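Contents: one structure, followed by commentary.
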Amino acid sequence: MSHSYVSNLMHCTFSTKDRYPFINSDLESRLWPYIGGIARENRMKAIAIGGTTDHLHALLSLPGMMSFAKAVQLIKGGSSKWLHEAFPEYRKFEWQEGYGAFSVSASQVPKTIAYINNQKEHHRKKTFDEEFLELLKKHRIEYDSRYVF
C-alpha cells in the first residue's frame with residue numbers, strides 16, 4: 001500500500017491541579033477554542049471539547065505518527081502557556097500531571113460527543129472522581145485506588 005490510513009480516536013480527560021475551579025464560563029468560551037487551535041496546528045482534529053470548572057474532556061483524532069502522550073503534552077503545555085501570557089490573573093493555573101485516555105471506535109463517536117457536550121448536566125449528578133472511576137471500569141483499565149487521585 002502506498003499510503004497509510006489511520007483511525008486513532010481518543011477520548012481524554014484531565015483536570016486542573018488539585019481540581020481548583022479555574023475554568024469559569026468566560027474562560028471556557030476562550031480556552032476550548034484555543035485548545036482546538038493547538039490540535040489543528042499539530043495535525044490533530046479536536047472533534048469535541050467540553051468540561052466543567054475543574055476538568056476537561058476532549059475527543060481527538062490523532063495523526064498516525066503521534067503518540068497520545070505527545071498530544072496531551074502539546075495541549076496542556078500550549079494552553080497553560082497561553083493562559084499565563086494572555087491572562088495574568090491565571091498565573092497560578094496548572095493542569096494536573098496525569099490524564100485518562102480511552103480509545104473510541106468510529107461507531108461510538110456520536111455518543112462520545114454527546115457525553116462531552118453534556119458535562120455540566122452530567123456533573124450535577126456525579127462527581128469527577130465517580131465519573132473517572134466509571135471510565136476506568138468501562139474500559140477495563142486496572143488501577144490501584146490508592147494512586148488514582
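Labels for the C-alpha cells follow display order: chains A, B, ..., residues from 1 in each chain, ligands from 1.
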
I want to know what sits within 7 Å of Ser103 of chain A, based on only C-alpha atoms, with residues of the same chain fewer than 6 positions away left out; could you give that as a ChimeraX atom specification?
/A:9-11

Enumerate, in order of chain and increasing residue number, the residues of segment 18-116 of chain A with an atom no farther than 10 Å from segment 136-147 of chain A, each with its shortest atom pair and distance in Å to one decimal, counting only C-alpha atoms, as a tab-separated table.
residue	atom	partner	partner_atom	distance
A:Gly100	CA	A:Leu136	CA	8.2
A:Ala101	CA	A:Leu136	CA	9.3
A:Phe102	CA	A:His139	CA	7.0
A:Ser103	CA	A:His139	CA	8.5
A:Val104	CA	A:His139	CA	10.0

Quick one: residues within 7 Å of Asp54 of chain A, only C-alpha atoms, excluding same-chain residues fewer than 3 positions away - as a ChimeraX atom specification?
/A:15-16,19-23

I want to know what sits within 8 Å of segment 79-81 of chain A, based on only C-alpha atoms, with residues of the same chain fewer than 5 positions away left out; could you give that as a ChimeraX atom specification?
/A:31,34-35,38,93-95

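Note that atom CA of Pro33 of chain A and atom CA of Lys17 of chain A are 20.8 Å apart.
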
Using atom CA of Ser4 of chain A and atom CA of Ile49 of chain A as the two end points, give the distance in Å to one decimal.
26.9 Å

To one decimal place, how far is atom CA of Glu28 of chain A from atom CA of Arg40 of chain A in Å?
18.3 Å

Shell of 8 Å around Thr52 of chain A, only C-alpha atoms, local chain residues under 4 positions omitted, as number ranges by chain:
A: 23-24, 56, 119-120

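Shortest separation to Phe149 of chain A among A:Glu97, A:Val109, A:Ala86, A:Val72 occurs at residue A:Glu97, atoms counted being only C-alpha atoms.
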
I need the helix (DSSP H, G or I) residues of segment 26-125 of chain A per DSSP on the backbone, written as an NGL selection string.
:A and (26-41 or 68-86 or 88-90 or 106-117 or 119-122)

According to DSSP computed on the backbone, where in chain A is there strand (DSSP E or B)? Give the residues as a list in words.
Leu9, Met10, His11, Cys12, Thr13, Phe14, Ser15, Thr16, Lys45, Ala46, Ile47, Ala48, Ile49, Gly50, Gly51, His55, Leu56, His57, Ala58, Leu59, Leu60, Ser61, Trp95, Gly100, Ala101, Phe102 and Ser103 of chain A

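Comparing the minimum interatomic distances between Cys12 of chain A and each of A:Ala114, A:Leu135, A:Ala106, A:Met65, counting only C-alpha atoms, we find that A:Leu135 sits nearest.
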
Excluding same-chain residues fewer than 6 positions from His122 of chain A, what lies within 10 Å of it counting only C-alpha atoms, as a compact mmCIF listing (two decimals) with N, CA and C atoms, in the first residue's frame?
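Saved result, part-v2.txt, follows:
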# COMPACT_ATOMS: atom_id res chain seq x y z
N GLY A 51 -16.32 20.41 29.28
CA GLY A 51 -15.91 20.14 30.65
C GLY A 51 -16.64 21.01 31.64
N THR A 52 -16.02 21.16 32.78
CA THR A 52 -16.59 21.96 33.87
C THR A 52 -15.50 22.87 34.42
N TYR A 115 -21.69 12.92 25.16
CA TYR A 115 -21.21 12.82 26.55
C TYR A 115 -20.34 14.03 26.90
N ILE A 116 -19.43 14.40 26.02
CA ILE A 116 -18.54 15.54 26.26
C ILE A 116 -19.32 16.84 26.29
N PHE A 128 -16.47 14.22 39.63
CA PHE A 128 -15.40 13.84 38.70
C PHE A 128 -14.80 12.51 39.12
N GLU A 131 -17.08 9.74 38.06
CA GLU A 131 -17.05 9.64 36.60
C GLU A 131 -15.76 8.96 36.13

Among the residues A:Leu27, A:Ser2, A:Gly37, A:Ala48, the one that comes closest to Thr112 of chain A [using only C-alpha atoms]:
A:Ala48

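Restricting the calculation to only C-alpha atoms, the smallest distance between His3 of chain A and any of A:Ala71, A:Gly64, A:Ile113, A:Gln96 is found for A:Gly64.
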